[in-house]
Amino acid sequence: MDNSFEMQKRYFTSQLKQFGTKPKLNRSRIKDCEYYLEMMEEAGSSAEFKSRIQQTGNMLSTAKAESCDRYDNRTFIYEKLGQERKVEEDRLRLEIIESAETHSELCQKLEDFEQCTKLSFNENKAINSLGSIMNALFHLNTDAPGSGDEERSLIKFQAYWKLMNEADPDVSWEKIMTYRPYRDCIIFTDEQMAVLERKFVEVCDGRHS
């Protein structure tokens with residue numbers, strides 16, 4: 001048996017051992033290594049193994065396995081955090097990966113998707129805007145009526161509320177209270193939020209405009 005063939009077997013064996021230390025994070029790559037080790041056993045030589053590799057997509061499965069584990073693991077984390085749009089985005093990536101039939105198609109499809117998707121971007125934009133919205137509402141409750149401070153707080157609220165609506169057209173006070181990625185980043189208690197809600201309704205109704 002030639003040295004290159006032995007080196008290839010050692011490579012897949014060492015990869016399998018490494019991935020096996022964290023099997024839940026490397027499910028697809030473990031299966032992929034097992035697939036190629038089994039193929040090598042059947043091939044028996046470097047030349048035959050190379051021939052089978054060429055017939056089965058030039059190890060496209062390895063590129064897919066690596067990507068699948070990455071996005072599967074991220075999806076799991078985002079689900080725990082309740083970040084629905086990021087979950088949706090990574091599931092779309094997984095569908096793209098599964099559909100690709102060549103390396104170039106895989107790269108091109110993912111590149112095209114990254115250029116057009118805004119799900120994660122909008123999720124982050126909405127969450128980042130929310131902190132400033134809450135801050136503005138808090139100050140609107142303490143600013144002297146008709147003061148310059150109140151005017152500045154109102155301008156701040158309106159600017160960030162506009163940004164949040166652009167990022168999440170379905171946003172509402174109810175969603176702020178119930179959507180975990182929003183509620184988890186707000187320090188106020190439900191009782192305090194009830195006070196802020198009254199000011200929110202007031203400024204959104206235009207009574208300060």
# chains A, B, ... in the order shown; residues from 1 in each chain; ligands from 1
call {"tool": "residues_around", "arguments": {"residues": "stretch 66-81 of chain A", "least_positions_apart": "3", "cutoff": "6 Å", "atoms": "only C-alpha atoms", "output": "list in words"}}
result
Asn26, Ser28, Ala63, Val87 and Asp90 of chain A
call {"tool": "closest_atom_pairs", "arguments": {"of": "stretch 20-133 of chain A", "to": "stretch 137-158 of chain A", "cutoff": "10 Å", "atoms": "only C-alpha atoms", "output": "JSON lines"}}
result
{"residue": "A:Ser129", "atom": "CA", "partner": "A:Phe157", "partner_atom": "CA", "distance": 9.5}
{"residue": "A:Leu130", "atom": "CA", "partner": "A:Phe157", "partner_atom": "CA", "distance": 9.6}
{"residue": "A:Ser132", "atom": "CA", "partner": "A:Phe157", "partner_atom": "CA", "distance": 7.2}
{"residue": "A:Ile133", "atom": "CA", "partner": "A:Phe157", "partner_atom": "CA", "distance": 5.2}
call {"tool": "closest_residue", "arguments": {"among": "A:Met177, A:Tyr160, A:Arg27, A:Met59", "to": "A:Thr189", "atoms": "only C-alpha atoms"}}
result
A:Met177
call {"tool": "residues_around", "arguments": {"residues": "A:Cys33", "least_positions_apart": "2", "cutoff": "6 Å", "atoms": "only C-alpha atoms", "output": "ChimeraX atom specification"}}
result
/A:12,16,30-31,35-36
call {"tool": "write_last_selection", "arguments": {"atoms": "N, CA and C atoms", "output": "CSV table (one decimal), in the first residue's frame"}}
result
chain,number,residue,atom,x,y,z
A,12,PHE,N,-8.0,11.3,7.7
A,12,PHE,CA,-9.4,11.1,8.0
A,12,PHE,C,-9.6,10.6,9.4
A,16,LEU,N,-11.5,12.4,12.3
A,16,LEU,CA,-12.7,11.8,13.0
A,16,LEU,C,-12.5,11.8,14.5
A,30,ILE,N,-18.5,14.3,11.1
A,30,ILE,CA,-18.2,12.9,11.6
A,30,ILE,C,-18.7,11.9,10.6
A,31,LYS,N,-19.9,12.2,10.1
A,31,LYS,CA,-20.5,11.3,9.1
A,31,LYS,C,-19.7,11.3,7.8
A,35,TYR,N,-17.7,8.3,6.0
A,35,TYR,CA,-18.0,8.0,4.6
A,35,TYR,C,-16.8,7.8,3.8
A,36,TYR,N,-15.8,8.6,4.0
A,36,TYR,CA,-14.5,8.5,3.2
A,36,TYR,C,-13.6,7.4,3.7
call {"tool": "select_by_dssp", "arguments": {"residues": "chain A", "states": "helix (DSSP H, G or I)", "output": "PyMOL selection string"}}
result
chain A and resi 3-20+23-25+27-43+46-55+60-81+84-99+103-116+119-140+148-167+173-178+180-183+190-204
call {"tool": "residues_around", "arguments": {"residues": "A:Asp32", "least_positions_apart": "6", "cutoff": "9 Å", "atoms": "only C-alpha atoms", "output": "PyMOL selection string"}}
result
chain A and resi 16+61-62+65
call {"tool": "closest_residue", "arguments": {"among": "A:Lys64, A:Lys125, A:His103, A:Lys50", "to": "A:Ala167", "atoms": "only C-alpha atoms"}}
result
A:Lys125
call {"tool": "closest_residue", "arguments": {"among": "A:Ser46, A:Ala136, A:Lys22, A:Glu34", "to": "A:Glu6", "atoms": "only C-alpha atoms"}}
result
A:Ser46
call {"tool": "atom_distance", "arguments": {"atom1": "atom CA of A:Glu84", "atom2": "atom CA of A:Glu114"}}
result
17.7 Å
call {"tool": "atom_distance", "arguments": {"atom1": "atom CA of A:Glu42", "atom2": "atom CA of A:Ser14"}}
result
19.2 Å
